[in-house]
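Accompanying notes for the structure given below.
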2 protein chains.
Amino acid sequence: MLGPDPRLDAVFAALADPTRRAILARLVEGEAAVGELAAPFSMSQPAVSKHLKVLEHAGLVERSIDGSRRPARLRPEPLAAASTWLEDYRALWEARFDQLDGVLRSMARKEDDA
Amino acid sequence: MLGPDPRLDAVFAALADPTRRAILARLVEGEAAVGELAAPFSMSQPAVSKHLKVLEHAGLVERSIDGSRRPARLRPEPLAAASTWLEDYRALWEARFDQLDGVLRSMARKEDDA
DNA sequence: ACTGTATATAACTAAATAGTTATGAAACTT
DNA sequence: AAGTTTCATAACTATTTAGTTATATACAGT
């Protein structure tokens, strides 16, 4: 159940970096070019370009061409996939805990009987 | 809104590795000792111990002591935090798209008027 | 055509990651 | 008490990552 999904490797790895999460946060407000993204982070422009490439590889961001600018915009699909994975696990966990809870209850009943 | 959360660094980084996700998948069925976890993956025991340490550091797993065994069990809380983060972003995205949709609609109306 | 702006790419470094083998420490078995 | 099992830790290697500076490319404005 819930087999391995290699796409999640790239998505979770991309989300593991706080700078990249901040970039995504910025992109929620709309597309932005590299320069605009680099400004708030005390980081060089090439560093931001690299982060964008990681996000792009994970499918979280899409680039376009506008003259000499290459604005980035969000692509929500992979986030949805990651979210689904997490939610499925949460469900399995809760099922597991409910089950455990059931066991504990029946143990308690036996205590009462004894 | 939705400030930086350093705990997510460790959680997403932990989830980025397929072996670790497989370990979590196994642990959904109940706690397991290192040996049991190492068996299905063609990996050395120390490698699995390291993965467990990463998962533990992310708060996703808890160890206990049972004689010479050190079984690992799941801790769902950090998963919930990650899931919340993703869901919040999804919501922001959708809001953004709805807004964009609104803009497109009004543009369409102006087209009609013209 | 010349200058400046926006970005990518290359080459490099430092640190982190994922794996290995070897070994040591507890605890269990007989 | 001796041997076996279970696990952690150390030491090492190879790969990846996150950053840097320097440079090249392409477009924009004058």
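A note on labels: chains of the structure tokens are A, B, ... as shown, every chain counts residues from 1, and ligands are counted from 1 in their shown order.
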
- Which chain B residues are at most 9 Å from chain C (counting only C-alpha atoms (C1' of nucleotides)), as a ChimeraX atom specification? /B:43-44,47,67-69

Considering only C-alpha atoms, tabulate each residue of segment 56-84 of chain B that lies at most 12 Å from segment 23-27 of chain B along with its nearest interatomic pair and the corresponding distance in Å to one decimal; arrange the rows by chain and ascending residue number and present them as CSV.
```
residue,atom,partner,partner_atom,distance
B:Glu56,CA,B:Leu24,CA,11.3
B:Leu60,CA,B:Leu24,CA,8.5
B:Val61,CA,B:Leu24,CA,8.4
B:Glu62,CA,B:Leu27,CA,10.9
B:Arg63,CA,B:Leu27,CA,11.8
B:Pro71,CA,B:Leu27,CA,10.0
B:Ala72,CA,B:Leu27,CA,7.7
B:Arg73,CA,B:Leu27,CA,6.3
B:Leu74,CA,B:Leu27,CA,6.3
B:Arg75,CA,B:Leu24,CA,9.9
B:Pro76,CA,B:Leu24,CA,10.4
B:Leu79,CA,B:Leu24,CA,11.0
```

Report task. Define the interface residues of chain A facing chain B as those within 12 Å, counting only C-alpha atoms, and report them as an MDAnalysis selection string. Result -> chainID A and resid 1:31 58 60 73:97 99:100

* Asked: What are the residues of chain D that have an atom within 10 Å of an atom of chain A, counting only C-alpha atoms (C1' of nucleotides), as a ChimeraX atom specification?
  -> /D:18-21,26-28

task: Extract the full set of helix (DSSP H, G or I) residues from chain A according to DSSP on the backbone, and format it as an MDAnalysis selection string.
output: chainID A and resid 6:15 18:28 34:38 45:57 77:113

**Message:** Please identify the strand (DSSP E) residues within segment 43-85 of chain A (assignment by DSSP from backbone atoms) and present them as a PyMOL selection string.
**Reply:** chain A and resi 61-63+72-74
